[in-house]
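Q: So here's start.cif, just mmCIF, C-alpha atoms and all ligand atoms:
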data_final
loop_
_atom_site.label_atom_id
_atom_site.label_comp_id
_atom_site.auth_asym_id
_atom_site.auth_seq_id
_atom_site.Cartn_x
_atom_site.Cartn_y
_atom_site.Cartn_z
CA MET A 469 108.25 19.04 39.74
CA LYS A 470 107.58 21.94 37.38
CA ILE A 471 106.99 20.46 33.93
CA GLY A 472 106.69 22.47 30.71
CA ILE A 473 104.75 21.19 27.71
CA VAL A 474 105.22 23.07 24.44
CA GLY A 475 102.56 22.36 21.79
CA LEU A 476 99.17 21.68 23.40
CA GLY A 477 97.73 19.34 20.78
CA LEU A 478 96.78 15.66 20.87
CA ILE A 479 100.05 14.46 22.43
CA GLY A 480 101.03 17.54 24.46
CA GLY A 481 97.49 18.00 25.81
CA SER A 482 97.13 14.30 26.65
CA LEU A 483 100.49 14.30 28.45
CA ALA A 484 99.39 17.35 30.44
CA ILE A 485 96.05 15.79 31.44
CA ASP A 486 97.70 12.63 32.79
CA LEU A 487 100.69 14.24 34.50
CA ARG A 488 98.43 16.78 36.20
CA SER A 489 95.81 14.23 37.27
CA ARG A 490 98.44 11.69 38.46
CA SER A 491 100.03 14.35 40.58
CA ARG A 492 96.68 15.37 42.07
CA SER A 493 95.67 11.74 42.71
CA GLY A 494 98.94 11.05 44.54
CA VAL A 495 100.40 8.64 41.90
CA SER A 496 103.35 11.00 41.60
CA SER A 497 105.28 11.25 44.86
CA GLN A 498 106.52 14.74 43.97
CA GLY A 499 103.39 16.45 42.64
CA HIS A 500 103.74 18.29 39.35
CA GLN A 501 102.85 21.75 38.18
CA ILE A 502 102.11 21.63 34.47
CA TYR A 503 102.82 24.74 32.40
CA GLY A 504 101.65 24.70 28.81
CA ILE A 505 102.94 26.71 25.88
CA SER A 506 101.12 26.89 22.59
CA ARG A 507 101.29 29.26 19.62
CA GLN A 508 97.69 30.36 19.76
CA ALA A 509 96.39 32.24 22.81
CA LYS A 510 93.05 30.48 22.22
CA THR A 511 94.65 27.04 22.68
CA CYS A 512 96.21 28.24 25.96
CA GLN A 513 92.87 29.61 27.15
CA ILE A 514 91.08 26.31 26.39
CA ALA A 515 93.83 24.30 28.15
CA VAL A 516 93.48 26.37 31.33
CA GLU A 517 89.66 26.45 31.24
CA ARG A 518 89.47 22.66 30.87
CA GLY A 519 92.00 22.06 33.66
CA ILE A 520 94.42 20.38 31.24
CA VAL A 521 97.30 22.51 32.61
CA ASP A 522 97.89 24.62 35.71
CA ASP A 523 98.73 27.61 33.54
CA ALA A 524 99.43 28.30 29.87
CA SER A 525 100.78 31.05 27.67
CA PRO A 526 102.32 31.53 24.22
CA GLU A 527 105.48 32.91 25.94
CA LEU A 528 108.37 30.45 26.34
CA GLU A 529 109.91 32.55 29.12
CA THR A 530 107.25 31.22 31.52
CA LEU A 531 109.22 27.93 31.49
CA ALA A 532 112.25 29.56 33.17
CA GLU A 533 111.97 27.28 36.23
CA ALA A 534 110.87 24.08 34.50
CA GLU A 535 112.81 20.96 35.44
CA ILE A 536 111.65 19.02 32.38
CA VAL A 537 110.26 20.43 29.12
CA PHE A 538 108.39 18.22 26.65
CA ILE A 539 108.44 19.56 23.08
CA CYS A 540 105.18 18.35 21.53
CA THR A 541 105.07 20.46 18.37
CA PRO A 542 105.07 19.00 14.85
CA ILE A 543 108.49 17.51 14.02
CA ALA A 544 109.51 20.41 11.78
CA ALA A 545 109.21 22.88 14.68
CA ILE A 546 111.06 20.87 17.38
CA ALA A 547 114.63 22.18 16.89
CA SER A 548 113.55 25.77 16.25
CA THR A 549 111.39 25.69 19.39
CA ILE A 550 114.39 24.50 21.44
CA LYS A 551 116.51 27.33 19.99
CA GLN A 552 113.86 29.85 21.12
CA LEU A 553 113.58 28.21 24.56
CA ILE A 554 117.30 28.06 25.40
CA PRO A 555 117.72 31.72 26.48
CA TYR A 556 115.09 31.29 29.22
CA ILE A 557 115.93 27.95 30.91
CA SER A 558 118.57 26.80 33.38
CA PRO A 559 121.43 24.55 32.15
CA ALA A 560 120.11 21.59 34.20
CA THR A 561 116.69 21.59 32.48
CA ILE A 562 115.97 18.32 30.72
CA ILE A 563 114.43 18.77 27.28
CA THR A 564 112.72 15.85 25.61
CA ASP A 565 110.48 15.64 22.54
CA VAL A 566 107.70 13.31 21.42
CA GLY A 567 108.44 13.28 17.67
CA SER A 568 107.61 10.11 15.75
CA VAL A 569 111.09 10.09 14.16
CA LYS A 570 114.20 10.17 16.31
CA GLN A 571 117.60 10.09 14.54
CA PRO A 572 117.57 13.52 12.79
CA ILE A 573 115.97 15.17 15.81
CA VAL A 574 118.45 13.62 18.27
CA VAL A 575 121.44 14.61 16.12
CA GLU A 576 120.29 18.24 15.83
CA CYS A 577 118.86 18.75 19.32
CA THR A 578 121.71 17.18 21.34
CA GLN A 579 124.00 19.69 19.61
CA LEU A 580 121.70 22.48 20.74
CA TRP A 581 121.19 21.23 24.32
CA SER A 582 123.37 18.64 26.07
CA ASN A 583 120.49 17.67 28.39
CA PHE A 584 118.25 16.74 25.45
CA ILE A 585 116.96 13.17 25.35
CA GLY A 586 114.72 12.08 22.47
CA GLY A 587 111.41 10.40 23.28
CA HIS A 588 108.46 8.86 21.45
CA PRO A 589 105.28 7.72 23.17
CA MET A 590 103.81 5.02 20.92
CA ALA A 591 100.19 6.14 21.22
CA GLY A 592 97.89 8.34 19.19
CA THR A 593 94.55 8.79 17.49
CA THR A 594 93.55 10.17 14.10
CA GLN A 595 92.52 13.47 15.72
CA SER A 596 94.69 16.52 16.31
CA GLY A 597 94.73 19.75 18.29
CA ILE A 598 93.75 20.56 21.87
CA ASP A 599 90.22 19.15 21.38
CA ALA A 600 91.78 15.73 20.69
CA ALA A 601 93.61 15.61 24.04
CA VAL A 602 92.35 12.72 26.19
CA ALA A 603 93.14 11.05 29.52
CA ASN A 604 95.02 7.73 29.65
CA LEU A 605 96.23 7.90 26.03
CA PHE A 606 99.58 6.38 27.00
CA SER A 607 98.34 3.70 29.38
CA GLY A 608 99.84 0.34 28.41
CA ALA A 609 101.69 1.83 25.41
CA ALA A 610 105.45 1.72 24.87
CA TYR A 611 107.31 4.99 25.53
CA VAL A 612 110.70 4.98 23.78
CA PHE A 613 113.66 7.09 24.91
CA THR A 614 116.78 7.39 22.77
CA PRO A 615 119.60 8.70 25.00
CA THR A 616 123.10 9.17 23.62
CA GLU A 617 126.47 8.45 25.27
CA GLN A 618 126.47 11.98 26.67
CA SER A 619 123.03 11.61 28.35
CA LYS A 620 123.18 11.69 32.15
CA PRO A 621 121.83 8.49 33.81
CA GLU A 622 119.86 10.57 36.35
CA ASN A 623 118.08 12.40 33.50
CA ILE A 624 117.19 9.11 31.81
CA ALA A 625 115.90 7.85 35.18
CA LYS A 626 113.66 10.92 35.59
CA LEU A 627 112.09 10.41 32.14
CA ILE A 628 111.57 6.70 32.80
CA ALA A 629 109.82 7.60 36.07
CA ILE A 630 107.50 10.00 34.21
CA ALA A 631 106.69 7.35 31.57
CA LYS A 632 105.75 4.99 34.41
CA GLU A 633 103.50 7.67 35.96
CA LEU A 634 101.68 7.71 32.61
CA ASN A 635 101.27 3.91 32.95
CA ALA A 636 103.35 3.60 29.78
CA VAL A 637 106.07 0.98 29.31
CA PRO A 638 109.47 2.67 28.92
CA HIS A 639 111.99 1.33 26.39
CA ILE A 640 115.51 2.58 25.80
CA CYS A 641 116.97 2.16 22.32
CA ASP A 642 119.25 3.69 19.72
CA ALA A 643 117.58 6.46 17.67
CA GLN A 644 118.42 4.88 14.31
CA ILE A 645 117.14 1.45 15.34
CA HIS A 646 113.96 3.17 16.59
CA ASP A 647 113.46 4.80 13.18
CA ARG A 648 113.91 1.48 11.36
CA ALA A 649 111.52 -0.36 13.69
CA VAL A 650 108.78 2.32 13.59
CA SER A 651 109.07 2.47 9.82
CA TRP A 652 107.77 -1.13 9.75
CA ILE A 653 105.00 -0.84 12.30
CA SER A 654 103.90 2.80 12.03
CA HIS A 655 105.15 4.70 8.96
CA LEU A 656 104.80 1.90 6.36
CA PRO A 657 101.22 1.13 7.55
CA VAL A 658 100.24 4.80 7.04
CA MET A 659 101.40 4.70 3.40
CA VAL A 660 99.90 1.25 2.74
CA SER A 661 96.59 2.28 4.28
CA ALA A 662 96.57 5.54 2.28
CA SER A 663 97.30 3.57 -0.93
CA LEU A 664 94.39 1.26 -0.14
CA ILE A 665 91.95 4.17 0.15
CA LYS A 666 93.37 5.82 -2.99
CA ALA A 667 93.16 2.57 -5.00
CA CYS A 668 89.47 2.20 -4.05
CA LEU A 669 88.82 5.72 -5.40
CA THR A 670 89.83 4.56 -8.92
CA GLU A 671 86.61 2.50 -9.15
CA GLU A 672 83.74 3.80 -11.30
CA PRO A 673 81.21 5.90 -9.28
CA ASP A 674 78.27 3.45 -8.88
CA THR A 675 80.45 0.57 -7.70
CA LEU A 676 82.49 2.89 -5.50
CA HIS A 677 79.26 4.12 -3.90
CA LEU A 678 78.19 0.52 -3.21
CA ALA A 679 81.63 -0.27 -1.74
CA GLN A 680 81.31 2.73 0.56
CA ILE A 681 77.89 1.49 1.77
CA LEU A 682 79.18 -2.07 2.30
CA ALA A 683 82.45 -1.11 4.03
CA SER A 684 82.50 -2.49 7.56
CA SER A 685 84.95 -3.41 10.33
CA GLY A 686 87.64 -4.86 8.01
CA PHE A 687 87.88 -1.65 5.98
CA LYS A 688 87.62 0.42 9.14
CA ASP A 689 90.69 -1.38 10.57
CA THR A 690 92.78 -1.31 7.41
CA SER A 691 92.00 2.29 6.42
CA ARG A 692 92.29 3.90 9.87
CA VAL A 693 95.89 5.08 9.77
CA GLY A 694 95.66 6.15 6.13
CA GLY A 695 92.74 8.42 6.99
CA GLY A 696 94.52 10.39 9.70
CA ASN A 697 96.51 13.61 10.06
CA ALA A 698 98.16 14.28 6.64
CA GLU A 699 100.77 16.59 8.15
CA LEU A 700 101.98 13.78 10.40
CA GLY A 701 102.31 11.41 7.42
CA ILE A 702 104.36 13.94 5.49
CA MET A 703 106.65 14.44 8.50
CA MET A 704 107.19 10.67 8.74
CA ALA A 705 108.14 10.51 5.05
CA LYS A 706 110.38 13.59 5.18
CA TYR A 707 112.24 12.79 8.38
CA ASN A 708 112.37 8.97 8.07
CA ARG A 709 112.73 8.92 4.29
CA ALA A 710 115.49 6.30 3.92
CA GLU A 711 113.91 3.80 6.33
CA LEU A 712 110.41 4.35 4.91
CA LEU A 713 111.63 3.81 1.32
CA ARG A 714 113.46 0.65 2.43
CA SER A 715 110.30 -0.80 4.00
CA LEU A 716 108.03 0.37 1.14
CA LEU A 717 110.25 -1.34 -1.46
CA GLN A 718 110.22 -4.57 0.55
CA TYR A 719 106.43 -4.24 0.87
CA ARG A 720 106.09 -3.81 -2.93
CA HIS A 721 108.19 -6.96 -3.40
CA ASN A 722 105.87 -8.93 -1.08
CA LEU A 723 102.77 -7.52 -2.81
CA ASP A 724 104.23 -8.63 -6.18
CA GLU A 725 104.71 -12.13 -4.76
CA ILE A 726 101.04 -12.27 -3.74
CA ILE A 727 99.98 -10.96 -7.18
CA ALA A 728 102.13 -13.65 -8.83
CA SER A 729 100.61 -16.41 -6.66
CA ILE A 730 97.09 -15.35 -7.69
CA GLN A 731 97.97 -14.84 -11.38
CA GLU A 732 99.55 -18.30 -11.51
CA GLU A 733 96.73 -19.80 -9.42
CA ASP A 734 99.40 -21.08 -7.08
CA TRP A 735 96.99 -21.54 -4.14
CA HIS A 736 99.50 -23.56 -2.16
CA ARG A 737 102.00 -20.68 -2.22
CA LEU A 738 99.27 -18.19 -1.28
CA GLU A 739 98.14 -20.44 1.58
CA GLN A 740 101.70 -20.67 2.88
CA THR A 741 101.99 -16.87 2.81
CA LEU A 742 98.68 -16.36 4.62
CA GLN A 743 99.48 -19.04 7.22
CA THR A 744 102.84 -17.41 7.91
CA THR A 745 101.25 -13.96 8.34
CA ALA A 746 98.42 -15.32 10.53
CA SER A 747 100.86 -16.80 13.03
CA ALA A 748 103.32 -13.87 12.81
CA ARG A 749 100.69 -11.19 13.53
CA THR A 750 100.21 -12.17 17.18
CA LYS A 751 103.89 -11.47 17.89
CA PHE A 752 103.34 -7.82 16.98
CA LEU A 753 100.31 -7.50 19.26
CA ASN A 754 101.22 -9.46 22.38
CA SER A 755 104.31 -7.62 23.59
P1 LIG B 801 98.79 18.25 17.01
O1 LIG B 801 97.59 17.64 17.66
O2 LIG B 801 98.63 18.98 15.75
O3 LIG B 801 99.43 19.21 18.11
C1 LIG B 801 100.56 20.00 17.89
C2 LIG B 801 100.34 21.34 18.57
O4 LIG B 801 101.53 22.12 18.44
C3 LIG B 801 99.23 22.13 17.90
O5 LIG B 801 98.03 22.00 18.66
C4 LIG B 801 99.73 23.56 17.86
O6 LIG B 801 99.14 24.34 18.86
C5 LIG B 801 101.20 23.46 18.16
N1 LIG B 801 101.98 23.85 16.97
C6 LIG B 801 101.70 23.58 15.69
N2 LIG B 801 102.65 24.07 14.87
C7 LIG B 801 103.53 24.67 15.69
C8 LIG B 801 104.71 25.40 15.43
N3 LIG B 801 105.17 25.59 14.20
N4 LIG B 801 105.37 25.88 16.49
C9 LIG B 801 104.91 25.71 17.73
N5 LIG B 801 103.78 25.03 18.03
C10 LIG B 801 103.11 24.53 17.01
O7 LIG B 801 99.91 17.15 16.75
P2 LIG B 801 100.24 15.84 17.60
O8 LIG B 801 99.57 14.68 16.95
O9 LIG B 801 100.02 16.08 19.04
O10 LIG B 801 101.78 15.69 17.27
C11 LIG B 801 102.73 16.41 17.99
C12 LIG B 801 104.02 15.62 18.00
O11 LIG B 801 103.76 14.32 18.53
C13 LIG B 801 104.65 15.42 16.62
O12 LIG B 801 106.03 15.68 16.70
C14 LIG B 801 104.37 13.96 16.31
O13 LIG B 801 105.40 13.39 15.53
C15 LIG B 801 104.32 13.35 17.69
N6 LIG B 801 103.50 12.14 17.82
C16 LIG B 801 102.24 12.11 17.26
C17 LIG B 801 101.47 10.96 17.41
C18 LIG B 801 100.08 10.86 16.82
O14 LIG B 801 99.56 9.77 16.67
N7 LIG B 801 99.46 11.97 16.49
C19 LIG B 801 101.96 9.87 18.15
C20 LIG B 801 103.21 9.98 18.76
C21 LIG B 801 103.97 11.12 18.57
P3 LIG B 801 98.39 25.72 18.48
O15 LIG B 801 97.03 25.30 18.11
O16 LIG B 801 98.42 26.52 19.73
O17 LIG B 801 99.14 26.35 17.36
#
The structure in this file should be written as structure tokens.

A:
Amino acid sequence: MKIGIVGLGLIGGSLAIDLRSRSRSGVSSQGHQIYGISRQAKTCQIAVERGIVDDASPELETLAEAEIVFICTPIAAIASTIKQLIPYISPATIITDVGSVKQPIVVECTQLWSNFIGGHPMAGTTQSGIDAAVANLFSGAAYVFTPTEQSKPENIAKLIAIAKELNAVPHICDAQIHDRAVSWISHLPVMVSASLIKACLTEEPDTLHLAQILASSGFKDTSRVGGGNAELGIMMAKYNRAELLRSLLQYRHNLDEIIASIQEEDWHRLEQTLQTTASARTKFLNS
């Protein structure tokens, strides 16, 4: 299958590495040719030199014969990229994206292209760009697809098959439900983690310096997503604004409850909260 990947960064590059290597190792029954598109000629050159793609160019017209095109640009560029791509591709081409927010993208892009199906691989790192692309990024991770009533079952089946080639676990769900769910487990944690780092910076310099020396695995875990790609965080807030505000306000309410327990020295209430969270956490990590 000829597969196009537009936006050769962390996600696009990692997709290309796995789809190309799976096809060469015989995991894919069909064998794929991976064509990359990226804005900068330099990115394309690196992708070809490192064997990430079979060929790459900044020109969308090279995707004329692609059966599936993955749009892996920042969220703000997804719809405009599809508009630029449409003149070159055949009507049967499946377009999917990897954006971390689905509802606004699905609404806009299904109007542009009836064979558009939204997607979101639930994997990432704090790095970005072609240098961040790695093998096996999606292995064991959920890969969400958000088809609409007009999506063709055979197109959904093709995307599910690709997710399985990546060793990801495909999930089908409604775009709006996706956005609500990821607000809790992905977008809210970015803002909470960023607030944690920012709150620490309010400390006076000597103590802050000591805290920085003493910081260990606990701070590494809790600050990781707040110390990542700022552009991605802004996109989450812009495109999933209503759901993110809903979860942030609930989070503030729960934080106030913990503050009240400590102010009132209500250790029993605090213990109940911490026991509830200790047993609830595993349910987010075992699925
Ligand atoms: P990234 O590493 O910055 O890669 C995006 C690539 O797209 C860049 O390398 C850039 O290539 C190209 N690009 C940038 N702006 C563009 C534009 N205006 N038009 C066309 N191409 C452009 O970002 P990423 O982390 O892979 O994120 C890409 C998508 O994946 C986003 O929609 C994001 O929501 C989604 N996603 C991210 C994660 C994560 O953890 N990072 C996880 C799941 C999904 P050039 O250098 O050639 O310009």

Q: Using only C-alpha atoms and all ligand atoms for the distances, tell me which of A:Gln680, A:Thr675, A:Thr564, A:Ser747 is nearest to ligand LIG 801 (chain B).

A: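 Checking each of A:Gln680, A:Thr675, A:Thr564, A:Ser747 against ligand LIG 801 (chain B), counting only C-alpha atoms and all ligand atoms, the winner is A:Thr564.
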
Q: Grab me every residue within 7 Å of ligand LIG 801 (chain B), counting all atoms listed in the file, and send it over as a PyMOL selection string.

A: chain A and resi 474-480+506-509+511-512+540-543+545+549+566-569+588-598+600+700

Q: For C-alpha atoms, I'd like the residues from the last selection saved as a PDB file, in the coordinates of the input.

A:
ATOM      1  CA  VAL A 474     105.220  23.070  24.440  1.00  0.00           C
ATOM      2  CA  GLY A 475     102.560  22.360  21.790  1.00  0.00           C
ATOM      3  CA  LEU A 476      99.170  21.680  23.400  1.00  0.00           C
ATOM      4  CA  GLY A 477      97.730  19.340  20.780  1.00  0.00           C
ATOM      5  CA  LEU A 478      96.780  15.660  20.870  1.00  0.00           C
ATOM      6  CA  ILE A 479     100.050  14.460  22.430  1.00  0.00           C
ATOM      7  CA  GLY A 480     101.030  17.540  24.460  1.00  0.00           C
ATOM      8  CA  SER A 506     101.120  26.890  22.590  1.00  0.00           C
ATOM      9  CA  ARG A 507     101.290  29.260  19.620  1.00  0.00           C
ATOM     10  CA  GLN A 508      97.690  30.360  19.760  1.00  0.00           C
ATOM     11  CA  ALA A 509      96.390  32.240  22.810  1.00  0.00           C
ATOM     12  CA  THR A 511      94.650  27.040  22.680  1.00  0.00           C
ATOM     13  CA  CYS A 512      96.210  28.240  25.960  1.00  0.00           C
ATOM     14  CA  CYS A 540     105.180  18.350  21.530  1.00  0.00           C
ATOM     15  CA  THR A 541     105.070  20.460  18.370  1.00  0.00           C
ATOM     16  CA  PRO A 542     105.070  19.000  14.850  1.00  0.00           C
ATOM     17  CA  ILE A 543     108.490  17.510  14.020  1.00  0.00           C
ATOM     18  CA  ALA A 545     109.210  22.880  14.680  1.00  0.00           C
ATOM     19  CA  THR A 549     111.390  25.690  19.390  1.00  0.00           C
ATOM     20  CA  VAL A 566     107.700  13.310  21.420  1.00  0.00           C
ATOM     21  CA  GLY A 567     108.440  13.280  17.670  1.00  0.00           C
ATOM     22  CA  SER A 568     107.610  10.110  15.750  1.00  0.00           C
ATOM     23  CA  VAL A 569     111.090  10.090  14.160  1.00  0.00           C
ATOM     24  CA  HIS A 588     108.460   8.860  21.450  1.00  0.00           C
ATOM     25  CA  PRO A 589     105.280   7.720  23.170  1.00  0.00           C
ATOM     26  CA  MET A 590     103.810   5.020  20.920  1.00  0.00           C
ATOM     27  CA  ALA A 591     100.190   6.140  21.220  1.00  0.00           C
ATOM     28  CA  GLY A 592      97.890   8.340  19.190  1.00  0.00           C
ATOM     29  CA  THR A 593      94.550   8.790  17.490  1.00  0.00           C
ATOM     30  CA  THR A 594      93.550  10.170  14.100  1.00  0.00           C
ATOM     31  CA  GLN A 595      92.520  13.470  15.720  1.00  0.00           C
ATOM     32  CA  SER A 596      94.690  16.520  16.310  1.00  0.00           C
ATOM     33  CA  GLY A 597      94.730  19.750  18.290  1.00  0.00           C
ATOM     34  CA  ILE A 598      93.750  20.560  21.870  1.00  0.00           C
ATOM     35  CA  ALA A 600      91.780  15.730  20.690  1.00  0.00           C
ATOM     36  CA  LEU A 700     101.980  13.780  10.400  1.00  0.00           C
TER      37      LEU A 700
END

Q: Would you kindly return, as a ChimeraX atom specification, each protein, DNA or RNA residue with an atom no farther than 12 Å from any atom of Ala609 of chain A, considering all atoms listed in the file and excluding same-chain residues fewer than 4 positions away?

A: /A:588-592,604-605,631-632,634-639,753-755

Q: Now that the selection is made, can you save its residues with C-alpha atoms as a JSON list (two decimals), in the coordinates of the input?

A:
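The resulting file, selection.json, is reproduced below:
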[["chain", "number", "residue", "atom", "x", "y", "z"],
["A", 588, "HIS", "CA", 108.46, 8.86, 21.45],
["A", 589, "PRO", "CA", 105.28, 7.72, 23.17],
["A", 590, "MET", "CA", 103.81, 5.02, 20.92],
["A", 591, "ALA", "CA", 100.19, 6.14, 21.22],
["A", 592, "GLY", "CA", 97.89, 8.34, 19.19],
["A", 604, "ASN", "CA", 95.02, 7.73, 29.65],
["A", 605, "LEU", "CA", 96.23, 7.90, 26.03],
["A", 631, "ALA", "CA", 106.69, 7.35, 31.57],
["A", 632, "LYS", "CA", 105.75, 4.99, 34.41],
["A", 634, "LEU", "CA", 101.68, 7.71, 32.61],
["A", 635, "ASN", "CA", 101.27, 3.91, 32.95],
["A", 636, "ALA", "CA", 103.35, 3.60, 29.78],
["A", 637, "VAL", "CA", 106.07, 0.98, 29.31],
["A", 638, "PRO", "CA", 109.47, 2.67, 28.92],
["A", 639, "HIS", "CA", 111.99, 1.33, 26.39],
["A", 753, "LEU", "CA", 100.31, -7.50, 19.26],
["A", 754, "ASN", "CA", 101.22, -9.46, 22.38],
["A", 755, "SER", "CA", 104.31, -7.62, 23.59]]

Q: So which one's closest to Thr578 of chain A, A:Lys510, A:Lys688, A:Lys551, A:Lys626? Using all atoms listed in the file, please.

A: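 Going through A:Lys510, A:Lys688, A:Lys551, A:Lys626 one by one, the smallest distance to Thr578 of chain A is for A:Lys551.
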
Q: With distances taken over all atoms listed in the file, which of A:Gln501, A:Ala524, A:Met469, A:Arg518 is nearest to Thr561 of chain A?

A: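 Going through A:Gln501, A:Ala524, A:Met469, A:Arg518 one by one, the smallest distance to Thr561 of chain A is for A:Met469.
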
Q: From the options A:Val575, A:Ile546, A:Ala662, A:Ala629, which residue's atoms come nearest to Phe687 of chain A, counting only C-alpha atoms?

A: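 Checking each candidate against Phe687 of chain A, we get A:Ala662 as the closest.
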
Q: What is the distance, in Å and to one decimal place, between atom CA of Leu553 of chain A and atom CA of Leu528 of chain A?

A: 5.9 Å

Q: Can you tell me, as a VMD selection string, what residues are no more than 8 Å from Ile550 of chain A when counting only C-alpha atoms, ignoring any on the same chain fewer than 3 positions away?

A: chain A and resid 539 546 to 547 553 to 554 577 580

Q: Find the residue from A:Leu742, A:Val660, A:Met704, A:Ala698 that sits nearest to Gln571 of chain A; use all atoms listed in the file when measuring.

A: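 Ranked by minimum distance to Gln571 of chain A, first place goes to A:Met704.
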